[in-house]
Amino acid sequence: MNIIVPIKRVPDLVEELEIDSSGTDLDREWLKFKVNEFDDHALEEALLYKEANGGTVTAIALDGDDVEKALYAAAAKGADKVVVVKGLDGNVSNHEAAKAFANVIGGMGADMIFTGVQSVEDRDGQLGPLLAHYMGISHISVVTGVAPGGGGVIVTKEYGGGVVAEFDAQTPIVLGIQAAQETPRYVPVAKVRRAMRSTDLEEAAAGDIGVSAGSTVSRMFKPEGGGSAEMINGSADDVASKLAEIIKSKS
Amino acid sequence: MSNNIFVIVEHLNGKVEDITYEMLGKAKEMDGDVVAVLLGSGAKDLAGDFAADKVIYVDHAELASFSPEAYCKTITALVSADAPKAVLIGNTSQGMDIAAGVSVHCGLPLVAYASDIEDGKITSQLYGGKMSVESDVEGSYIASILAGSFPADAGKGGGAAIEDAAAPDLSGLKVKFKQLIEPEGGDVDITQHDVLVSVGRGIQNEDNLEIVQALADKLGAALSCSRPIVDSKWLGKTRQVGKSGLKVKPKVYIAVGISGAPEHIEGMKDADCIIAINTDENAPIFDYAHYGTTEDLFDVVPALTDKL
């Protein structure tokens, strides 16, 4: 199976987020970024599938700051090919990103495309389903399992309350991965550096986009704190004493 | 463009999900005719308590249980034919498999993670709930609504006229539903406990779980958790609180090292007393907690265990 994994860097939420001077976007200058955690799961699931069933894994990303590092890390983890897509500027909507990926991946003979199920900045919808529809192929999102079977693959999709559904799906297909079957593997920096020297980073052109999110951001703001929490301060010991009282009175 | 507001009904295993009623209630307040769109097989009765001006019902064997391709194809056809002024879909596992397809094939803007709609402005919760974003839309649009954004009661009623609509050609589907699998009863049913100690990423690694387990043991409580803990396989799925896990309503919910992303909040916001321990003063959990502290959990939790 030829599996393609689009990856994306997103703001790391562990940092304090600030709004820029236009009031419509994050102030990205000092933001820390990391690979979307669900994209890590998508890549892991692709590598596991290849290790169990054979095939190739290609990691692909839109051009941007430090994107090469993310692609080389994917190579170090076991991706056979890495591709950077050039020609799209800045922080594009998912509709535009999906169209660019559709243009490029369309020519790659993909059997399956694994995307992270969602990211923290999916204002205009998740990438995976948009990509599938621009490519005119099927998709299933919130996937926690994929294995060969039936007419192609048997895919496990999650609902709430732990209920899952199984689908019999033909390829090609886009799967929005919620969780890989193993925790995403770690690669040491030394291995990433070796990958940088030995991996050919391919380039592809984004091509014609011609689509947009269809809406514009008029305002970004921090949600009004319900301010509901009564905050308890002091030493850990003081706090613990107060909490113990509260818990005893309420339970 | 018609004057209709389509509300896509979400049901699973014979039960209509709350998100449907929440969206119907919201649509009632909006300017337009509320049309509930129900797909299924022998499922017409599910529409009995919808507050809507009309119900469109499509009956087909391929629609018996939610299936991405069949549902997306059917809803896209209905939206194409009617050109409603707005389409409301749940921002849920089912909704994610529908909204994008309608957006691409009908050429409609899509705004996701929506918590409110007011006069052509749709507010979304992004960045794990840390930022709200207002989007301007002109003309028809699709809004993907976060569960818990509106009261479900407002969407309950009944007596709406039900109109049958034909399914599009659903032969030759590439994705076919096989079966639904219910979770195995685990060692614990967290929905039955009065007190829950719930752990999130702040615990940092699996070995540290013993700190919160000790607190849970002292309280006679069950240990529950947020999604990342389950994805890392430190605790089983039956312990997960949240949108894709379980909804809990205990007397006391102690959230340890949980940031409070919308998907988690959905699972526990109705608890009687929520206590949050998180060093990040901006963590969204503090907007839902009754009591909170930014002291370090590694100091507070052991001290708390001692004092109980």
# chains A, B, ... in the order shown; residues from 1 in each chain; ligands from 1
>>> residues_around(residues="stretch 49-58 of chain B", least_positions_apart="5", cutoff="9 Å", atoms="only C-alpha atoms", output="MDAnalysis selection string")
chainID B and resid 20:21 24:25 27:28 33:41 43:44 63 74 154:167
>>> residues_around(residues="A:Gly207", least_positions_apart="6", cutoff="10 Å", atoms="only C-alpha atoms", output="PyMOL selection string")
chain A and resi 85-88+99-104
>>> closest_atom_pairs(of="chain B", to="chain A", cutoff="6 Å", atoms="only C-alpha atoms", output="CSV")
residue,atom,partner,partner_atom,distance
B:Ser93,CA,A:Tyr159,CA,5.9
B:Ala100,CA,A:Leu130,CA,5.3
B:Gly101,CA,A:His133,CA,5.9
B:Pro109,CA,A:Gly214,CA,4.4
B:Leu110,CA,A:Asp124,CA,5.3
B:Val111,CA,A:Asp124,CA,4.7
B:Ala112,CA,A:Gly125,CA,5.2
B:Leu126,CA,A:Val120,CA,5.8
B:Tyr127,CA,A:Val120,CA,4.5
B:Met131,CA,A:Lys222,CA,4.8
B:Ser132,CA,A:Phe221,CA,5.3
B:Val133,CA,A:Met220,CA,4.4
B:Glu134,CA,A:Arg219,CA,5.1
B:Ser135,CA,A:Val217,CA,4.4
B:Asp136,CA,A:Thr216,CA,5.3
B:Val137,CA,A:Ser215,CA,5.0
B:Lys174,CA,A:Gln170,CA,5.3
B:Val175,CA,A:Ala169,CA,4.4
B:Lys176,CA,A:Asp168,CA,5.2
B:Phe177,CA,A:Phe167,CA,4.6
B:Lys178,CA,A:Phe167,CA,5.1
B:Gln179,CA,A:Glu166,CA,5.4
B:Leu180,CA,A:Ala165,CA,4.3
B:Ile181,CA,A:Val164,CA,5.3
B:Glu182,CA,A:Val163,CA,4.8
B:Pro183,CA,A:Gly162,CA,5.5
B:Ser232,CA,A:Thr183,CA,5.6
B:Lys243,CA,A:Gly160,CA,5.7
B:Ser244,CA,A:Gly160,CA,3.8
B:Gly245,CA,A:Gly161,CA,4.4
B:Leu246,CA,A:Gly161,CA,4.6
B:Phe286,CA,A:Ala229,CA,5.5
B:Asp287,CA,A:Gly226,CA,4.6
B:Ala289,CA,A:Ala229,CA,4.9
B:His290,CA,A:Ala229,CA,4.4
B:Tyr291,CA,A:Glu230,CA,4.6
B:Gly292,CA,A:Met231,CA,4.7
B:Thr293,CA,A:Ile232,CA,5.1
B:Asp299,CA,A:Ala236,CA,5.7
B:Val300,CA,A:Ala236,CA,5.0
B:Ala303,CA,A:Ala240,CA,5.7
B:Leu304,CA,A:Ala240,CA,4.6
B:Leu308,CA,A:Ala244,CA,5.9
>>> select_by_dssp(residues="stretch 91-172 of chain A", states="strand (DSSP E)", output="PyMOL selection string")
chain A and resi 112-116+138-149+152-158+164-169
>>> write_last_selection(atoms="N, CA and C atoms", output="PDB file, in the first residue's frame")
ATOM      1  N   MET A 112      -3.839   4.982   0.335  1.00  0.00           N
ATOM      2  CA  MET A 112      -4.479   5.530   1.525  1.00  0.00           C
ATOM      3  C   MET A 112      -3.770   6.821   1.902  1.00  0.00           C
ATOM      4  N   ILE A 113      -4.543   7.743   2.429  1.00  0.00           N
ATOM      5  CA  ILE A 113      -3.984   8.991   2.948  1.00  0.00           C
ATOM      6  C   ILE A 113      -4.413   9.072   4.398  1.00  0.00           C
ATOM      7  N   PHE A 114      -3.433   9.157   5.308  1.00  0.00           N
ATOM      8  CA  PHE A 114      -3.759   9.263   6.733  1.00  0.00           C
ATOM      9  C   PHE A 114      -3.519  10.698   7.162  1.00  0.00           C
ATOM     10  N   THR A 115      -4.566  11.374   7.628  1.00  0.00           N
ATOM     11  CA  THR A 115      -4.383  12.708   8.189  1.00  0.00           C
ATOM     12  C   THR A 115      -4.696  12.647   9.678  1.00  0.00           C
ATOM     13  N   GLY A 116      -4.217  13.626  10.419  1.00  0.00           N
ATOM     14  CA  GLY A 116      -4.654  13.729  11.817  1.00  0.00           C
ATOM     15  C   GLY A 116      -6.145  14.052  11.781  1.00  0.00           C
ATOM     16  N   SER A 138     -13.079   8.516  -1.161  1.00  0.00           N
ATOM     17  CA  SER A 138     -13.815   8.333   0.108  1.00  0.00           C
ATOM     18  C   SER A 138     -12.993   8.780   1.298  1.00  0.00           C
ATOM     19  N   HIS A 139     -13.672   8.959   2.408  1.00  0.00           N
ATOM     20  CA  HIS A 139     -12.949   9.177   3.665  1.00  0.00           C
ATOM     21  C   HIS A 139     -13.782   8.701   4.840  1.00  0.00           C
ATOM     22  N   ILE A 140     -13.085   8.426   5.925  1.00  0.00           N
ATOM     23  CA  ILE A 140     -13.719   8.106   7.200  1.00  0.00           C
ATOM     24  C   ILE A 140     -12.898   8.831   8.250  1.00  0.00           C
ATOM     25  N   SER A 141     -13.543   9.536   9.176  1.00  0.00           N
ATOM     26  CA  SER A 141     -12.759  10.241  10.202  1.00  0.00           C
ATOM     27  C   SER A 141     -12.991   9.636  11.582  1.00  0.00           C
ATOM     28  N   VAL A 142     -12.164  10.032  12.509  1.00  0.00           N
ATOM     29  CA  VAL A 142     -12.136   9.538  13.890  1.00  0.00           C
ATOM     30  C   VAL A 142     -11.813   8.046  13.900  1.00  0.00           C
ATOM     31  N   VAL A 143     -10.705   7.720  13.235  1.00  0.00           N
ATOM     32  CA  VAL A 143     -10.310   6.327  13.038  1.00  0.00           C
ATOM     33  C   VAL A 143      -9.332   5.894  14.114  1.00  0.00           C
ATOM     34  N   THR A 144      -9.598   4.722  14.700  1.00  0.00           N
ATOM     35  CA  THR A 144      -8.676   4.192  15.695  1.00  0.00           C
ATOM     36  C   THR A 144      -8.129   2.836  15.290  1.00  0.00           C
ATOM     37  N   GLY A 145      -8.470   2.404  14.082  1.00  0.00           N
ATOM     38  CA  GLY A 145      -7.899   1.124  13.650  1.00  0.00           C
ATOM     39  C   GLY A 145      -8.098   0.942  12.156  1.00  0.00           C
ATOM     40  N   VAL A 146      -7.084   0.416  11.489  1.00  0.00           N
ATOM     41  CA  VAL A 146      -7.210   0.078  10.069  1.00  0.00           C
ATOM     42  C   VAL A 146      -6.370  -1.161   9.806  1.00  0.00           C
ATOM     43  N   ALA A 147      -6.954  -2.136   9.109  1.00  0.00           N
ATOM     44  CA  ALA A 147      -6.244  -3.383   8.823  1.00  0.00           C
ATOM     45  C   ALA A 147      -6.737  -3.907   7.488  1.00  0.00           C
ATOM     46  N   PRO A 148      -5.908  -4.688   6.796  1.00  0.00           N
ATOM     47  CA  PRO A 148      -6.348  -5.254   5.514  1.00  0.00           C
ATOM     48  C   PRO A 148      -7.560  -6.142   5.737  1.00  0.00           C
ATOM     49  N   GLY A 149      -8.477  -6.142   4.763  1.00  0.00           N
ATOM     50  CA  GLY A 149      -9.642  -7.019   4.892  1.00  0.00           C
ATOM     51  C   GLY A 149     -10.767  -6.564   4.006  1.00  0.00           C
ATOM     52  N   GLY A 152     -10.857  -4.193   0.848  1.00  0.00           N
ATOM     53  CA  GLY A 152      -9.653  -3.347   0.853  1.00  0.00           C
ATOM     54  C   GLY A 152      -9.121  -3.264   2.267  1.00  0.00           C
ATOM     55  N   VAL A 153      -9.805  -2.443   3.078  1.00  0.00           N
ATOM     56  CA  VAL A 153      -9.416  -2.331   4.486  1.00  0.00           C
ATOM     57  C   VAL A 153     -10.651  -2.335   5.379  1.00  0.00           C
ATOM     58  N   ILE A 154     -10.479  -2.831   6.594  1.00  0.00           N
ATOM     59  CA  ILE A 154     -11.516  -2.723   7.622  1.00  0.00           C
ATOM     60  C   ILE A 154     -11.090  -1.576   8.523  1.00  0.00           C
ATOM     61  N   VAL A 155     -11.989  -0.605   8.673  1.00  0.00           N
ATOM     62  CA  VAL A 155     -11.657   0.619   9.399  1.00  0.00           C
ATOM     63  C   VAL A 155     -12.547   0.740  10.625  1.00  0.00           C
ATOM     64  N   THR A 156     -11.941   1.077  11.761  1.00  0.00           N
ATOM     65  CA  THR A 156     -12.692   1.271  12.996  1.00  0.00           C
ATOM     66  C   THR A 156     -12.859   2.762  13.249  1.00  0.00           C
ATOM     67  N   LYS A 157     -14.097   3.192  13.397  1.00  0.00           N
ATOM     68  CA  LYS A 157     -14.428   4.613  13.627  1.00  0.00           C
ATOM     69  C   LYS A 157     -15.046   4.738  15.011  1.00  0.00           C
ATOM     70  N   GLU A 158     -14.656   5.771  15.739  1.00  0.00           N
ATOM     71  CA  GLU A 158     -15.150   5.968  17.099  1.00  0.00           C
ATOM     72  C   GLU A 158     -16.300   6.936  17.187  1.00  0.00           C
ATOM     73  N   VAL A 164     -17.857   1.942  18.950  1.00  0.00           N
ATOM     74  CA  VAL A 164     -17.147   2.064  17.676  1.00  0.00           C
ATOM     75  C   VAL A 164     -17.935   1.367  16.577  1.00  0.00           C
ATOM     76  N   ALA A 165     -17.652   1.772  15.341  1.00  0.00           N
ATOM     77  CA  ALA A 165     -18.262   1.120  14.186  1.00  0.00           C
ATOM     78  C   ALA A 165     -17.155   0.579  13.303  1.00  0.00           C
ATOM     79  N   GLU A 166     -17.432  -0.541  12.646  1.00  0.00           N
ATOM     80  CA  GLU A 166     -16.483  -1.080  11.664  1.00  0.00           C
ATOM     81  C   GLU A 166     -17.039  -0.868  10.270  1.00  0.00           C
ATOM     82  N   PHE A 167     -16.168  -0.447   9.364  1.00  0.00           N
ATOM     83  CA  PHE A 167     -16.539  -0.244   7.972  1.00  0.00           C
ATOM     84  C   PHE A 167     -15.631  -1.073   7.075  1.00  0.00           C
ATOM     85  N   ASP A 168     -16.212  -1.557   5.991  1.00  0.00           N
ATOM     86  CA  ASP A 168     -15.468  -2.292   4.968  1.00  0.00           C
ATOM     87  C   ASP A 168     -15.258  -1.266   3.847  1.00  0.00           C
ATOM     88  N   ALA A 169     -14.010  -0.889   3.590  1.00  0.00           N
ATOM     89  CA  ALA A 169     -13.773   0.210   2.663  1.00  0.00           C
ATOM     90  C   ALA A 169     -12.817  -0.161   1.551  1.00  0.00           C
TER      91      ALA A 169
END
>>> select_by_dssp(residues="stretch 30-135 of chain A", states="alpha helix (DSSP H)", output="count of residues only")
49
>>> closest_residue(among="A:Ala70, A:Ala75, A:Ile7, A:Leu43", to="A:Ser198", atoms="only C-alpha atoms")
A:Ala75
>>> atom_distance(atom1="atom CA of B:Lys269", atom2="atom CA of B:Ile203")
21.1 Å
>>> closest_residue(among="B:Ile274, B:Leu12, B:Cys106, B:Ala77", to="B:Ala64", atoms="only C-alpha atoms")
B:Leu12
>>> closest_residue(among="B:Asp169, B:Glu69, B:Asp153, B:Asp272", to="B:Leu196", atoms="only C-alpha atoms")
B:Asp272
>>> residues_around(residues="B:Ser115", least_positions_apart="6", cutoff="9 Å", atoms="only C-alpha atoms", output="list of chain:residue names")
B:Ile122, B:Thr123, B:Ser124, B:Gln125, B:Ser144, B:Ile145, B:Leu146, B:Ala147, B:Gly148, B:Ser149, B:Phe150
>>> atom_distance(atom1="atom CA of A:Lys50", atom2="atom CA of B:Gly172")
28.2 Å
>>> atom_distance(atom1="atom CA of B:Arg239", atom2="atom CA of B:Asp270")
17.4 Å
>>> residues_around(residues="B:Ala255", least_positions_apart="3", cutoff="10 Å", atoms="only C-alpha atoms", output="VMD selection string")
chain B and resid 196 to 200 224 to 226 252 258 to 260 268 274 to 278 285 289 292
>>> write_last_selection(atoms="C-alpha atoms", output="JSON list (two decimals), in the first residue's frame")
[["chain", "number", "residue", "atom", "x", "y", "z"],
["B", 196, "LEU", "CA", -14.05, 11.06, 40.56],
["B", 197, "VAL", "CA", -10.37, 11.91, 40.57],
["B", 198, "SER", "CA", -9.62, 12.71, 36.95],
["B", 199, "VAL", "CA", -6.14, 12.98, 35.54],
["B", 200, "GLY", "CA", -4.84, 14.74, 32.44],
["B", 224, "SER", "CA", -10.91, 8.74, 35.45],
["B", 225, "CYS", "CA", -9.01, 10.68, 32.81],
["B", 226, "SER", "CA", -8.93, 12.83, 29.71],
["B", 252, "VAL", "CA", -17.33, 15.83, 43.17],
["B", 258, "ILE", "CA", -6.45, 18.74, 32.91],
["B", 259, "SER", "CA", -6.50, 21.84, 30.71],
["B", 260, "GLY", "CA", -10.20, 21.72, 29.94],
["B", 268, "MET", "CA", -18.07, 16.61, 32.94],
["B", 274, "ILE", "CA", -15.71, 20.69, 40.08],
["B", 275, "ILE", "CA", -12.27, 21.26, 41.58],
["B", 276, "ALA", "CA", -9.43, 22.01, 39.18],
["B", 277, "ILE", "CA", -5.70, 21.75, 39.92],
["B", 278, "ASN", "CA", -3.60, 23.20, 37.08],
["B", 285, "ILE", "CA", -11.00, 24.29, 32.97],
["B", 289, "ALA", "CA", -14.68, 24.68, 37.84],
["B", 292, "GLY", "CA", -9.43, 25.97, 41.51]]
>>> closest_residue(among="A:Glu202, A:Ala42, A:Lys191, A:Thr56", to="A:Asp111", atoms="only C-alpha atoms")
A:Thr56
>>> residues_around(residues="B:Val248", least_positions_apart="5", cutoff="8 Å", atoms="only C-alpha atoms", output="list of chain:residue names")
B:Ile190, B:Thr191, B:Val241, B:Gly267, B:Met268, B:Asp270, B:Ala271
>>> write_last_selection(atoms="N, CA and C atoms", output="short mmCIF file (atom, residue, chain, number, x, y, z; two decimals), in the first residue's frame")
data_model
loop_
_atom_site.label_atom_id
_atom_site.label_comp_id
_atom_site.auth_asym_id
_atom_site.auth_seq_id
_atom_site.Cartn_x
_atom_site.Cartn_y
_atom_site.Cartn_z
N ILE B 190 -17.31 4.51 35.55
CA ILE B 190 -17.08 5.82 36.17
C ILE B 190 -18.35 6.65 36.25
N THR B 191 -19.36 6.31 35.46
CA THR B 191 -20.59 7.10 35.50
C THR B 191 -21.39 6.83 36.78
N VAL B 241 -13.27 10.42 30.23
CA VAL B 241 -14.36 11.38 30.33
C VAL B 241 -14.26 12.32 29.13
N GLY B 267 -17.83 16.29 28.69
CA GLY B 267 -18.09 15.07 29.44
C GLY B 267 -18.33 15.28 30.93
N MET B 268 -18.00 16.47 31.49
CA MET B 268 -18.07 16.61 32.94
C MET B 268 -18.64 17.94 33.44
N ASP B 270 -21.45 19.10 33.96
CA ASP B 270 -22.63 19.08 34.84
C ASP B 270 -22.36 18.51 36.22
N ALA B 271 -21.11 18.21 36.54
CA ALA B 271 -20.79 17.68 37.87
C ALA B 271 -21.18 18.73 38.92
#
>>> closest_residue(among="B:Pro68, B:Gly90, B:Pro151, B:Gly32", to="B:Ile8", atoms="only C-alpha atoms")
B:Gly90
>>> decode(residues="stretch 106-132 of chain A", atoms="C-alpha atoms", output="mmCIF file, in the first residue's frame")
data_model
loop_
_atom_site.group_PDB
_atom_site.id
_atom_site.type_symbol
_atom_site.label_atom_id
_atom_site.label_comp_id
_atom_site.auth_asym_id
_atom_site.auth_seq_id
_atom_site.Cartn_x
_atom_site.Cartn_y
_atom_site.Cartn_z
ATOM 1 C CA GLY A 106 -3.455 13.204 -6.996
ATOM 2 C CA GLY A 107 -0.397 12.304 -9.041
ATOM 3 C CA MET A 108 1.184 10.034 -6.457
ATOM 4 C CA GLY A 109 -0.865 6.880 -6.875
ATOM 5 C CA ALA A 110 -1.910 6.911 -3.240
ATOM 6 C CA ASP A 111 -3.826 3.939 -1.842
ATOM 7 C CA MET A 112 -4.479 5.530 1.525
ATOM 8 C CA ILE A 113 -3.984 8.991 2.948
ATOM 9 C CA PHE A 114 -3.759 9.263 6.733
ATOM 10 C CA THR A 115 -4.383 12.708 8.189
ATOM 11 C CA GLY A 116 -4.654 13.729 11.817
ATOM 12 C CA VAL A 117 -8.373 13.721 12.649
ATOM 13 C CA GLN A 118 -8.286 17.427 13.479
ATOM 14 C CA SER A 119 -5.983 20.221 14.586
ATOM 15 C CA VAL A 120 -6.352 23.170 16.958
ATOM 16 C CA GLU A 121 -6.878 25.588 14.097
ATOM 17 C CA ASP A 122 -9.568 24.012 11.923
ATOM 18 C CA ARG A 123 -11.845 27.051 11.695
ATOM 19 C CA ASP A 124 -13.078 26.051 8.244
ATOM 20 C CA GLY A 125 -13.311 22.330 8.899
ATOM 21 C CA GLN A 126 -10.863 19.442 9.164
ATOM 22 C CA LEU A 127 -8.236 18.867 6.467
ATOM 23 C CA GLY A 128 -8.873 15.132 5.877
ATOM 24 C CA PRO A 129 -12.497 15.222 4.679
ATOM 25 C CA LEU A 130 -11.850 18.374 2.588
ATOM 26 C CA LEU A 131 -8.868 16.681 0.935
ATOM 27 C CA ALA A 132 -10.907 13.566 0.157
#
